[in-house]
>>> print(open('start.txt').read())   # compact mmCIF, C-alpha atoms and all ligand atoms
# COMPACT_ATOMS: atom_id res chain seq x y z
CA MET A 51 -88.76 -120.51 -49.59
CA ALA A 52 -87.70 -116.94 -50.29
CA ASN A 53 -85.07 -115.40 -48.05
CA ARG A 54 -86.43 -112.70 -45.80
CA ILE A 55 -84.70 -109.61 -44.45
CA TYR A 56 -86.16 -108.04 -41.30
CA ILE A 57 -86.01 -104.26 -41.01
CA VAL A 58 -86.10 -103.76 -37.27
CA GLY A 59 -86.90 -100.60 -35.30
CA MET A 60 -84.85 -100.82 -32.11
CA GLY A 61 -86.50 -97.91 -30.25
CA PRO A 62 -84.65 -94.91 -28.86
CA GLY A 63 -81.72 -96.72 -27.25
CA SER A 64 -82.21 -98.82 -24.16
CA GLU A 65 -83.15 -102.48 -24.38
CA GLU A 66 -86.26 -101.95 -22.23
CA MET A 67 -87.63 -99.76 -25.00
CA MET A 68 -87.25 -102.42 -27.69
CA THR A 69 -90.29 -104.56 -28.46
CA GLN A 70 -90.29 -108.27 -27.63
CA GLU A 71 -90.73 -108.90 -31.35
CA ALA A 72 -87.59 -106.90 -32.23
CA LEU A 73 -85.53 -108.72 -29.58
CA HIS A 74 -86.84 -112.06 -30.81
CA ILE A 75 -86.00 -111.31 -34.46
CA LEU A 76 -82.48 -110.10 -33.58
CA GLY A 77 -81.99 -113.23 -31.48
CA GLN A 78 -82.88 -115.39 -34.50
CA SER A 79 -80.69 -113.46 -36.98
CA GLU A 80 -77.24 -114.50 -38.09
CA VAL A 81 -76.20 -111.11 -39.46
CA ILE A 82 -77.16 -107.74 -37.95
CA VAL A 83 -76.50 -104.67 -40.09
CA GLY A 84 -76.81 -101.04 -38.96
CA TYR A 85 -75.37 -97.57 -38.53
CA THR A 86 -72.06 -97.76 -36.64
CA LEU A 87 -73.44 -96.15 -33.44
CA TYR A 88 -76.49 -98.44 -33.22
CA ILE A 89 -74.40 -101.55 -33.76
CA LYS A 90 -72.24 -100.30 -30.86
CA LEU A 91 -75.37 -99.67 -28.74
CA LEU A 92 -76.44 -103.27 -29.31
CA GLY A 93 -72.94 -104.08 -28.08
CA GLY A 94 -72.46 -107.36 -26.29
CA ARG A 95 -76.21 -108.11 -26.27
CA PHE A 96 -75.92 -110.40 -29.30
CA PRO A 97 -72.62 -112.28 -29.13
CA GLY A 98 -71.93 -114.74 -31.91
CA LYS A 99 -73.70 -112.67 -34.53
CA LYS A 100 -71.96 -111.19 -37.53
CA LEU A 101 -72.28 -107.43 -36.95
CA LEU A 102 -71.83 -105.18 -39.98
CA SER A 103 -72.01 -101.40 -39.95
CA THR A 104 -71.61 -98.43 -42.25
CA PRO A 105 -71.21 -94.80 -41.12
CA MET A 106 -73.70 -91.99 -41.67
CA HIS A 107 -74.32 -91.00 -45.32
CA GLN A 108 -73.63 -94.58 -46.45
CA GLU A 109 -77.23 -95.69 -46.19
CA GLU A 110 -77.39 -97.19 -49.68
CA GLU A 111 -74.27 -99.29 -49.03
CA ARG A 112 -75.80 -100.42 -45.71
CA CYS A 113 -78.96 -101.62 -47.48
CA ARG A 114 -76.98 -103.35 -50.25
CA LEU A 115 -74.94 -105.20 -47.60
CA CYS A 116 -78.18 -106.71 -46.31
CA PHE A 117 -79.16 -108.05 -49.74
CA GLU A 118 -75.65 -109.41 -50.36
CA GLU A 119 -75.67 -111.28 -47.03
CA SER A 120 -79.20 -112.55 -47.65
CA GLU A 121 -78.17 -113.88 -51.10
CA LYS A 122 -75.51 -115.94 -49.28
CA GLY A 123 -78.41 -117.62 -47.46
CA LYS A 124 -77.94 -115.78 -44.14
CA LYS A 125 -80.76 -114.65 -41.85
CA VAL A 126 -80.33 -110.88 -41.94
CA ALA A 127 -81.73 -108.07 -39.79
CA LEU A 128 -81.18 -104.40 -40.54
CA VAL A 129 -81.54 -102.26 -37.41
CA CYS A 130 -82.65 -98.63 -37.32
CA SER A 131 -83.16 -96.38 -34.31
CA GLY A 132 -86.75 -95.71 -33.29
CA ASP A 133 -89.04 -96.99 -36.02
CA ALA A 134 -87.45 -98.05 -39.31
CA GLY A 135 -90.36 -96.58 -41.27
CA ILE A 136 -90.03 -93.09 -39.72
CA TYR A 137 -86.98 -91.36 -41.24
CA GLY A 138 -85.40 -94.82 -41.29
CA MET A 139 -84.20 -97.31 -43.89
CA ALA A 140 -87.46 -99.16 -44.58
CA SER A 141 -88.45 -97.36 -47.79
CA LEU A 142 -84.92 -97.40 -49.23
CA MET A 143 -84.82 -101.17 -48.61
CA TYR A 144 -88.03 -101.59 -50.63
CA GLU A 145 -86.65 -99.39 -53.44
CA ILE A 146 -83.35 -101.30 -53.64
CA GLY A 147 -85.27 -104.55 -53.14
CA LYS A 148 -86.88 -104.18 -56.60
CA ALA A 149 -83.65 -105.66 -57.96
CA TYR A 150 -83.94 -108.67 -55.62
CA PRO A 151 -87.39 -110.17 -56.35
CA ASP A 152 -86.55 -113.40 -54.50
CA ILE A 153 -85.90 -111.64 -51.21
CA GLU A 154 -88.87 -110.73 -48.99
CA LEU A 155 -88.78 -107.77 -46.66
CA GLN A 156 -90.57 -107.38 -43.36
CA VAL A 157 -90.65 -104.28 -41.20
CA ILE A 158 -90.76 -104.71 -37.41
CA ALA A 159 -92.24 -101.64 -35.70
CA GLY A 160 -90.24 -99.75 -33.06
CA ILE A 161 -90.97 -96.90 -30.66
CA THR A 162 -90.25 -93.67 -32.50
CA ALA A 163 -88.71 -90.59 -30.86
CA ALA A 164 -92.05 -88.74 -31.12
CA SER A 165 -93.77 -91.18 -28.78
CA SER A 166 -90.87 -91.95 -26.44
CA GLY A 167 -90.08 -88.21 -26.17
CA ALA A 168 -93.75 -87.34 -25.69
CA ALA A 169 -93.99 -89.82 -22.81
CA LEU A 170 -91.06 -88.13 -21.05
CA LEU A 171 -92.61 -84.68 -21.50
CA GLY A 172 -96.13 -85.66 -20.42
CA ALA A 173 -98.76 -85.78 -23.17
CA PRO A 174 -97.88 -83.20 -25.87
CA LEU A 175 -99.31 -85.21 -28.79
CA ASN A 176 -102.74 -86.06 -27.43
CA HIS A 177 -104.52 -84.39 -30.34
CA ASP A 178 -103.82 -83.97 -34.07
CA PHE A 179 -100.11 -83.56 -34.64
CA CYS A 180 -97.58 -83.62 -37.43
CA VAL A 181 -93.94 -84.58 -37.66
CA ILE A 182 -91.45 -82.52 -39.65
CA SER A 183 -87.75 -83.20 -40.13
CA LEU A 184 -85.51 -80.14 -40.39
CA SER A 185 -82.87 -82.07 -42.32
CA ASP A 186 -82.43 -80.60 -45.79
CA LEU A 187 -80.00 -83.31 -46.94
CA LEU A 188 -82.73 -85.00 -49.00
CA THR A 189 -85.52 -82.40 -48.87
CA PRO A 190 -85.18 -78.82 -50.16
CA TRP A 191 -85.35 -76.23 -47.35
CA GLU A 192 -88.16 -74.34 -49.18
CA ARG A 193 -90.40 -77.42 -48.85
CA ILE A 194 -89.56 -77.71 -45.14
CA GLU A 195 -90.48 -74.01 -44.68
CA LYS A 196 -93.78 -74.57 -46.47
CA ARG A 197 -94.62 -77.53 -44.22
CA LEU A 198 -93.74 -75.54 -41.07
CA HIS A 199 -96.04 -72.69 -42.15
CA ALA A 200 -98.85 -75.13 -42.99
CA ALA A 201 -98.50 -77.01 -39.68
CA ALA A 202 -98.63 -73.74 -37.73
CA ILE A 203 -101.66 -72.49 -39.66
CA GLY A 204 -103.39 -75.87 -39.16
CA ASP A 205 -102.91 -75.54 -35.37
CA PHE A 206 -101.24 -78.94 -35.18
CA ALA A 207 -99.02 -79.91 -32.28
CA ILE A 208 -95.67 -80.29 -34.06
CA VAL A 209 -92.73 -82.64 -33.55
CA LEU A 210 -89.39 -81.66 -35.08
CA TYR A 211 -86.89 -84.40 -35.89
CA ASN A 212 -83.30 -83.58 -36.90
CA PRO A 213 -83.48 -80.06 -35.41
CA SER A 214 -79.74 -79.51 -35.71
CA SER A 215 -76.43 -81.00 -36.76
CA HIS A 216 -72.82 -79.82 -37.07
CA LYS A 217 -73.50 -78.24 -40.46
CA ARG A 218 -76.98 -76.95 -39.59
CA LYS A 219 -76.49 -75.26 -36.22
CA ASP A 220 -79.12 -72.52 -36.68
CA TYR A 221 -81.96 -74.61 -38.18
CA LEU A 222 -84.03 -74.75 -34.98
CA MET A 223 -83.84 -70.95 -34.74
CA ARG A 224 -84.86 -70.65 -38.40
CA ALA A 225 -87.77 -73.02 -37.87
CA CYS A 226 -88.93 -71.07 -34.79
CA ASP A 227 -88.80 -67.82 -36.80
CA ILE A 228 -91.13 -69.37 -39.38
CA LEU A 229 -93.51 -70.68 -36.72
CA LEU A 230 -93.50 -67.27 -34.99
CA CYS A 231 -95.08 -65.76 -38.14
CA SER A 232 -98.39 -67.32 -37.08
CA ILE A 233 -97.91 -68.63 -33.51
CA GLU A 234 -97.71 -66.44 -30.39
CA ASP A 235 -94.28 -66.35 -28.73
CA GLY A 236 -95.63 -67.69 -25.41
CA ARG A 237 -96.75 -71.02 -26.99
CA SER A 238 -95.89 -73.99 -24.74
CA CYS A 239 -93.08 -76.14 -26.12
CA GLY A 240 -90.60 -78.75 -24.95
CA TYR A 241 -87.66 -80.82 -26.06
CA VAL A 242 -85.98 -84.06 -25.10
CA GLU A 243 -82.38 -85.10 -25.57
CA ASN A 244 -80.89 -88.61 -25.51
CA ILE A 245 -84.12 -90.52 -24.94
CA GLY A 246 -83.36 -94.00 -23.56
CA ARG A 247 -79.63 -93.25 -23.34
CA ASP A 248 -77.18 -91.73 -20.85
CA GLY A 249 -77.71 -88.01 -20.35
CA THR A 250 -81.48 -87.87 -20.92
CA LYS A 251 -82.65 -84.26 -20.65
CA VAL A 252 -86.29 -83.11 -20.64
CA GLU A 253 -87.16 -79.38 -20.82
CA THR A 254 -90.30 -77.28 -21.24
CA CYS A 255 -90.22 -73.67 -22.44
CA THR A 256 -92.04 -71.08 -24.55
CA LEU A 257 -91.62 -70.84 -28.32
CA LYS A 258 -89.63 -67.63 -27.83
CA GLU A 259 -87.27 -69.41 -25.42
CA LEU A 260 -87.03 -72.43 -27.72
CA ARG A 261 -85.71 -70.13 -30.47
CA GLY A 262 -82.53 -69.56 -28.41
CA ARG A 263 -82.04 -73.15 -27.20
CA LYS A 264 -79.29 -75.43 -28.47
CA ALA A 265 -80.38 -78.67 -30.05
CA ASN A 266 -78.17 -81.48 -31.28
CA MET A 267 -78.68 -84.54 -33.45
CA PHE A 268 -80.20 -86.44 -30.51
CA THR A 269 -82.82 -83.82 -29.68
CA THR A 270 -86.52 -84.11 -30.51
CA VAL A 271 -88.55 -80.90 -30.25
CA PHE A 272 -92.25 -80.48 -29.45
CA ILE A 273 -94.36 -77.39 -30.18
CA GLY A 274 -97.80 -77.38 -28.61
CA ASN A 275 -101.07 -76.42 -30.31
CA SER A 276 -103.10 -73.36 -29.26
CA GLY A 277 -104.58 -75.24 -26.27
CA THR A 278 -101.38 -76.90 -25.00
CA GLU A 279 -100.47 -76.05 -21.39
CA ILE A 280 -97.59 -76.72 -19.07
CA ILE A 281 -99.24 -78.44 -16.08
CA ASN A 282 -96.98 -79.24 -13.09
CA GLY A 283 -93.94 -78.97 -15.35
CA ARG A 284 -95.39 -81.33 -17.98
CA LEU A 285 -96.32 -80.42 -21.57
CA ILE A 286 -99.99 -81.32 -22.03
CA THR A 287 -102.08 -81.11 -25.19
CA LYS A 288 -105.68 -81.55 -24.16
CA ARG A 289 -108.24 -83.75 -25.88
CA GLY A 290 -111.08 -81.34 -25.13
CA TYR A 291 -112.87 -83.10 -22.26
CA GLN A 292 -114.97 -80.73 -20.15
CA ILE A 293 -113.85 -81.79 -16.69
CA GLU A 294 -115.39 -80.67 -13.44
CA LYS A 295 -113.23 -78.45 -11.29
CA SER A 296 -112.06 -80.28 -8.14
CA THR A 297 -113.50 -77.48 -5.92
CA ASP A 298 -116.98 -78.17 -7.35
CA ILE A 299 -116.59 -81.88 -6.66
CA CYS A 300 -115.62 -81.14 -3.01
CA ARG A 301 -118.65 -78.89 -2.58
CA ASP A 302 -121.01 -81.51 -4.02
CA ASN A 303 -119.62 -84.17 -1.71
N1 LIG B 401 -86.09 -93.60 -37.03
C1 LIG B 401 -85.91 -92.68 -35.92
C2 LIG B 401 -85.70 -91.26 -36.40
C3 LIG B 401 -84.40 -91.05 -37.15
S1 LIG B 401 -84.17 -89.36 -37.62
C4 LIG B 401 -87.13 -92.76 -34.99
O1 LIG B 401 -88.15 -93.33 -35.39
O2 LIG B 401 -87.04 -92.28 -33.87
C5 LIG B 401 -83.05 -88.84 -36.35
C6 LIG B 401 -83.75 -87.89 -35.38
O3 LIG B 401 -84.63 -88.63 -34.55
C7 LIG B 401 -82.82 -87.18 -34.43
O4 LIG B 401 -82.25 -86.01 -34.99
C8 LIG B 401 -83.76 -86.83 -33.29
O5 LIG B 401 -84.57 -85.71 -33.63
C9 LIG B 401 -84.66 -88.07 -33.26
N2 LIG B 401 -84.12 -89.08 -32.30
C10 LIG B 401 -83.76 -90.34 -32.63
N3 LIG B 401 -83.33 -91.00 -31.52
C11 LIG B 401 -83.43 -90.13 -30.48
C12 LIG B 401 -83.13 -90.22 -29.08
N4 LIG B 401 -82.65 -91.35 -28.54
N5 LIG B 401 -83.35 -89.12 -28.31
C13 LIG B 401 -83.86 -87.99 -28.85
N6 LIG B 401 -84.15 -87.85 -30.15
C14 LIG B 401 -83.94 -88.91 -30.97
>>> encode(input="start.txt", output="C-alpha cells", more="lines below")
Ligand code: SAH
Amino acid sequence: MANRIYIVGMGPGSEEMMTQEALHILGQSEVIVGYTLYIKLLGGRFPGKKLLSTPMHQEEERCRLCFEESEKGKKVALVCSGDAGIYGMASLMYEIGKAYPDIELQVIAGITAASSGAALLGAPLNHDFCVISLSDLLTPWERIEKRLHAAAIGDFAIVLYNPSSHKRKDYLMRACDILLCSIEDGRSCGYVENIGRDGTKVETCTLKELRGRKANMFTTVFIGNSGTEIINGRLITKRGYQIEKSTDICRDN
C-alpha cells in the first residue's frame, strides 16, 4: 500500500479548536512536521512522537522533510495553523508530491482564522465575503490592490489575512486607503488578535479608525459590507431577513 502523508489543519491554537479527526490523525502519526511555533504549541500533547520543524520562509524544506520521512516508511503528519488549504502548505505539498508518485496525500480540514475570528466578533461573514491576504511575499502588491478594489466595488464583506509583519508595518493602512476609495469611512469593521491563544483581543471600529490601528502577524481583520452593523458591540452582517420589530410583537400580543 502507498505511504500516505496527512496535511493537518490544527485550527487557530487551542486544542479545543482542533477537530476530532485532526487529533486522531496526530495521535496515529509517528512523525509530526511543522513551523517551529506550531510544533511548540503542540508541545507535550504528543509525547513519543518525532517532532520536526523548520522556521518561517523554509516552507519548501518543511514539505521535503515530510516526503523524506515518509520514504523511510514512517507515518507522517504535516501540521499547519488554521486550515492547511487556506494560505497553508497543502498546495505546495501537492506540487512537490509530483516527484513522489508512490506517496498519497490527504488534507484534514481545520478551522480557519476567518471563521474562528468571525465567531468571536459575532457574525461578520453571514453573507457573500472574500478573503484577501496582504502578504506580498509571493503575490505582487499591484494584484493585491486590484483585488481590494474589486472586493470593495462588489460590496463583499472582506477578511484580511497577514495584515502586517515586521517588514510590512503600514500595509493595513495602505489597504484601508484603497478601500476608502469606494467605501464610506464609517463602515463597520473589526479585528481579532491571537484567536485561541493567550492574549485574545476582539475589537470593533469604523473603517476610518481601522486605518490607524496596529495589526500584527496574529491579527485577522474584518470589513463589513454596506449593510453590516455593530449590534450590542458585535459585528453583524445581515442575511436580509425582514424581521418584525419587537414593539410590534408586544402590541399584537
Ligand atoms: N492557514 C491559516 C492562515 C495562515 S496565514 C488559517 O487557515 O487560519 C497567517 C494569517 O492568518 C495571520 O497573519 C493572521 O491574519 C491569520 N491567523 C492565523 N492564526 C491566527 C490566530 N490564532 N489569531 C488571529 N489571526 C490568525
>>> residues_near_ligand(input="start.txt", ligand="ligand LIG 401 (chain B)", cutoff="10 Å", atoms="all atoms listed in the file", output="CSV table (one decimal) with C-alpha atoms, in the coordinates of the input")
chain,number,residue,atom,x,y,z
A,59,GLY,CA,-86.9,-100.6,-35.3
A,60,MET,CA,-84.8,-100.8,-32.1
A,61,GLY,CA,-86.5,-97.9,-30.2
A,62,PRO,CA,-84.6,-94.9,-28.9
A,63,GLY,CA,-81.7,-96.7,-27.2
A,64,SER,CA,-82.2,-98.8,-24.2
A,129,VAL,CA,-81.5,-102.3,-37.4
A,130,CYS,CA,-82.6,-98.6,-37.3
A,131,SER,CA,-83.2,-96.4,-34.3
A,132,GLY,CA,-86.8,-95.7,-33.3
A,133,ASP,CA,-89.0,-97.0,-36.0
A,134,ALA,CA,-87.4,-98.0,-39.3
A,135,GLY,CA,-90.4,-96.6,-41.3
A,136,ILE,CA,-90.0,-93.1,-39.7
A,137,TYR,CA,-87.0,-91.4,-41.2
A,138,GLY,CA,-85.4,-94.8,-41.3
A,139,MET,CA,-84.2,-97.3,-43.9
A,140,ALA,CA,-87.5,-99.2,-44.6
A,159,ALA,CA,-92.2,-101.6,-35.7
A,160,GLY,CA,-90.2,-99.8,-33.1
A,161,ILE,CA,-91.0,-96.9,-30.7
A,162,THR,CA,-90.2,-93.7,-32.5
A,163,ALA,CA,-88.7,-90.6,-30.9
A,164,ALA,CA,-92.0,-88.7,-31.1
A,165,SER,CA,-93.8,-91.2,-28.8
A,166,SER,CA,-90.9,-92.0,-26.4
A,167,GLY,CA,-90.1,-88.2,-26.2
A,182,ILE,CA,-91.4,-82.5,-39.6
A,183,SER,CA,-87.8,-83.2,-40.1
A,184,LEU,CA,-85.5,-80.1,-40.4
A,185,SER,CA,-82.9,-82.1,-42.3
A,209,VAL,CA,-92.7,-82.6,-33.6
A,210,LEU,CA,-89.4,-81.7,-35.1
A,211,TYR,CA,-86.9,-84.4,-35.9
A,212,ASN,CA,-83.3,-83.6,-36.9
A,213,PRO,CA,-83.5,-80.1,-35.4
A,214,SER,CA,-79.7,-79.5,-35.7
A,215,SER,CA,-76.4,-81.0,-36.8
A,241,TYR,CA,-87.7,-80.8,-26.1
A,242,VAL,CA,-86.0,-84.1,-25.1
A,243,GLU,CA,-82.4,-85.1,-25.6
A,244,ASN,CA,-80.9,-88.6,-25.5
A,245,ILE,CA,-84.1,-90.5,-24.9
A,246,GLY,CA,-83.4,-94.0,-23.6
A,247,ARG,CA,-79.6,-93.2,-23.3
A,248,ASP,CA,-77.2,-91.7,-20.8
A,249,GLY,CA,-77.7,-88.0,-20.4
A,250,THR,CA,-81.5,-87.9,-20.9
A,251,LYS,CA,-82.6,-84.3,-20.6
A,252,VAL,CA,-86.3,-83.1,-20.6
A,265,ALA,CA,-80.4,-78.7,-30.0
A,266,ASN,CA,-78.2,-81.5,-31.3
A,267,MET,CA,-78.7,-84.5,-33.4
A,268,PHE,CA,-80.2,-86.4,-30.5
A,269,THR,CA,-82.8,-83.8,-29.7
A,270,THR,CA,-86.5,-84.1,-30.5
A,271,VAL,CA,-88.6,-80.9,-30.2
>>> atom_distance(input="start.txt", atom1="CA of Val83 (chain A)", atom2="CA of Cys113 (chain A)")
8.4 Å
>>> axis_aligned_box(input="start.txt", around="region 267-283 of chain A", padding_each_side="6 Å", output="AutoDock Vina command-line options")
--center_x -91.6 --center_y -79.9 --center_z -23.3 --size_x 37.9 --size_y 25.1 --size_z 32.4
>>> atom_distance(input="start.txt", atom1="CA of Val81 (chain A)", atom2="CA of Lys100 (chain A)")
4.7 Å
>>> atom_distance(input="start.txt", atom1="CA of Ala207 (chain A)", atom2="CA of Ile158 (chain A)")
26.6 Å
>>> closest_residue(input="start.txt", among="A:Glu259, A:Glu111, A:Glu80, A:Glu279", to="Val126 (chain A)", atoms="only C-alpha atoms")
A:Glu80
>>> closest_residue(input="start.txt", among="A:Cys116, A:Leu175, A:Leu222, A:Ile203", to="Glu234 (chain A)", atoms="all atoms listed in the file")
A:Ile203
>>> build_atoms(input="start.txt", residues="region 243-269 of chain A", atoms="N, CA and C atoms", output="PDB file, in the coordinates of the input")
ATOM      1  N   GLU A 243     -83.667 -84.677 -25.005  1.00  0.00           N
ATOM      2  CA  GLU A 243     -82.380 -85.100 -25.570  1.00  0.00           C
ATOM      3  C   GLU A 243     -82.034 -86.485 -25.071  1.00  0.00           C
ATOM      4  N   ASN A 244     -81.406 -87.287 -25.912  1.00  0.00           N
ATOM      5  CA  ASN A 244     -80.890 -88.610 -25.510  1.00  0.00           C
ATOM      6  C   ASN A 244     -81.939 -89.486 -24.825  1.00  0.00           C
ATOM      7  N   ILE A 245     -83.067 -89.647 -25.481  1.00  0.00           N
ATOM      8  CA  ILE A 245     -84.120 -90.520 -24.940  1.00  0.00           C
ATOM      9  C   ILE A 245     -83.566 -91.955 -24.853  1.00  0.00           C
ATOM     10  N   GLY A 246     -83.764 -92.590 -23.708  1.00  0.00           N
ATOM     11  CA  GLY A 246     -83.360 -94.000 -23.560  1.00  0.00           C
ATOM     12  C   GLY A 246     -81.859 -94.209 -23.558  1.00  0.00           C
ATOM     13  N   ARG A 247     -81.108 -93.136 -23.351  1.00  0.00           N
ATOM     14  CA  ARG A 247     -79.630 -93.250 -23.340  1.00  0.00           C
ATOM     15  C   ARG A 247     -79.094 -92.453 -22.159  1.00  0.00           C
ATOM     16  N   ASP A 248     -77.784 -92.544 -21.909  1.00  0.00           N
ATOM     17  CA  ASP A 248     -77.180 -91.730 -20.850  1.00  0.00           C
ATOM     18  C   ASP A 248     -77.395 -90.258 -21.184  1.00  0.00           C
ATOM     19  N   GLY A 249     -77.609 -89.457 -20.146  1.00  0.00           N
ATOM     20  CA  GLY A 249     -77.710 -88.010 -20.350  1.00  0.00           C
ATOM     21  C   GLY A 249     -79.066 -87.553 -20.850  1.00  0.00           C
ATOM     22  N   THR A 250     -80.128 -88.289 -20.511  1.00  0.00           N
ATOM     23  CA  THR A 250     -81.480 -87.870 -20.920  1.00  0.00           C
ATOM     24  C   THR A 250     -81.798 -86.516 -20.299  1.00  0.00           C
ATOM     25  N   LYS A 251     -82.306 -85.601 -21.139  1.00  0.00           N
ATOM     26  CA  LYS A 251     -82.650 -84.260 -20.650  1.00  0.00           C
ATOM     27  C   LYS A 251     -84.046 -83.907 -21.172  1.00  0.00           C
ATOM     28  N   VAL A 252     -84.903 -83.425 -20.280  1.00  0.00           N
ATOM     29  CA  VAL A 252     -86.290 -83.110 -20.640  1.00  0.00           C
ATOM     30  C   VAL A 252     -86.552 -81.664 -20.224  1.00  0.00           C
ATOM     31  N   GLU A 253     -86.967 -80.805 -21.134  1.00  0.00           N
ATOM     32  CA  GLU A 253     -87.160 -79.380 -20.820  1.00  0.00           C
ATOM     33  C   GLU A 253     -88.484 -78.894 -21.389  1.00  0.00           C
ATOM     34  N   THR A 254     -89.164 -77.999 -20.660  1.00  0.00           N
ATOM     35  CA  THR A 254     -90.300 -77.280 -21.240  1.00  0.00           C
ATOM     36  C   THR A 254     -89.920 -75.803 -21.322  1.00  0.00           C
ATOM     37  N   CYS A 255     -90.533 -75.087 -22.257  1.00  0.00           N
ATOM     38  CA  CYS A 255     -90.220 -73.670 -22.440  1.00  0.00           C
ATOM     39  C   CYS A 255     -91.280 -73.037 -23.346  1.00  0.00           C
ATOM     40  N   THR A 256     -91.150 -71.731 -23.577  1.00  0.00           N
ATOM     41  CA  THR A 256     -92.040 -71.080 -24.550  1.00  0.00           C
ATOM     42  C   THR A 256     -91.383 -71.147 -25.934  1.00  0.00           C
ATOM     43  N   LEU A 257     -92.177 -70.830 -26.957  1.00  0.00           N
ATOM     44  CA  LEU A 257     -91.620 -70.840 -28.320  1.00  0.00           C
ATOM     45  C   LEU A 257     -90.493 -69.810 -28.455  1.00  0.00           C
ATOM     46  N   LYS A 258     -90.671 -68.662 -27.777  1.00  0.00           N
ATOM     47  CA  LYS A 258     -89.630 -67.630 -27.830  1.00  0.00           C
ATOM     48  C   LYS A 258     -88.324 -68.151 -27.211  1.00  0.00           C
ATOM     49  N   GLU A 259     -88.468 -68.849 -26.079  1.00  0.00           N
ATOM     50  CA  GLU A 259     -87.270 -69.410 -25.420  1.00  0.00           C
ATOM     51  C   GLU A 259     -86.651 -70.510 -26.283  1.00  0.00           C
ATOM     52  N   LEU A 260     -87.526 -71.320 -26.897  1.00  0.00           N
ATOM     53  CA  LEU A 260     -87.030 -72.430 -27.720  1.00  0.00           C
ATOM     54  C   LEU A 260     -86.111 -71.910 -28.837  1.00  0.00           C
ATOM     55  N   ARG A 261     -86.471 -70.739 -29.373  1.00  0.00           N
ATOM     56  CA  ARG A 261     -85.710 -70.130 -30.470  1.00  0.00           C
ATOM     57  C   ARG A 261     -84.214 -69.991 -30.115  1.00  0.00           C
ATOM     58  N   GLY A 262     -83.925 -69.768 -28.828  1.00  0.00           N
ATOM     59  CA  GLY A 262     -82.530 -69.560 -28.410  1.00  0.00           C
ATOM     60  C   GLY A 262     -81.871 -70.816 -27.845  1.00  0.00           C
ATOM     61  N   ARG A 263     -82.604 -71.935 -27.804  1.00  0.00           N
ATOM     62  CA  ARG A 263     -82.040 -73.150 -27.200  1.00  0.00           C
ATOM     63  C   ARG A 263     -81.163 -73.905 -28.188  1.00  0.00           C
ATOM     64  N   LYS A 264     -80.192 -74.618 -27.629  1.00  0.00           N
ATOM     65  CA  LYS A 264     -79.290 -75.430 -28.470  1.00  0.00           C
ATOM     66  C   LYS A 264     -79.851 -76.837 -28.600  1.00  0.00           C
ATOM     67  N   ALA A 265     -79.960 -77.289 -29.830  1.00  0.00           N
ATOM     68  CA  ALA A 265     -80.380 -78.670 -30.050  1.00  0.00           C
ATOM     69  C   ALA A 265     -79.193 -79.409 -30.666  1.00  0.00           C
ATOM     70  N   ASN A 266     -79.202 -80.718 -30.577  1.00  0.00           N
ATOM     71  CA  ASN A 266     -78.170 -81.480 -31.280  1.00  0.00           C
ATOM     72  C   ASN A 266     -78.851 -82.614 -32.045  1.00  0.00           C
ATOM     73  N   MET A 267     -78.061 -83.522 -32.595  1.00  0.00           N
ATOM     74  CA  MET A 267     -78.680 -84.540 -33.450  1.00  0.00           C
ATOM     75  C   MET A 267     -79.437 -85.613 -32.661  1.00  0.00           C
ATOM     76  N   PHE A 268     -79.377 -85.529 -31.323  1.00  0.00           N
ATOM     77  CA  PHE A 268     -80.200 -86.440 -30.510  1.00  0.00           C
ATOM     78  C   PHE A 268     -81.240 -85.670 -29.713  1.00  0.00           C
ATOM     79  N   THR A 269     -81.742 -84.581 -30.307  1.00  0.00           N
ATOM     80  CA  THR A 269     -82.820 -83.820 -29.680  1.00  0.00           C
ATOM     81  C   THR A 269     -84.092 -83.970 -30.513  1.00  0.00           C
TER      82      THR A 269
END
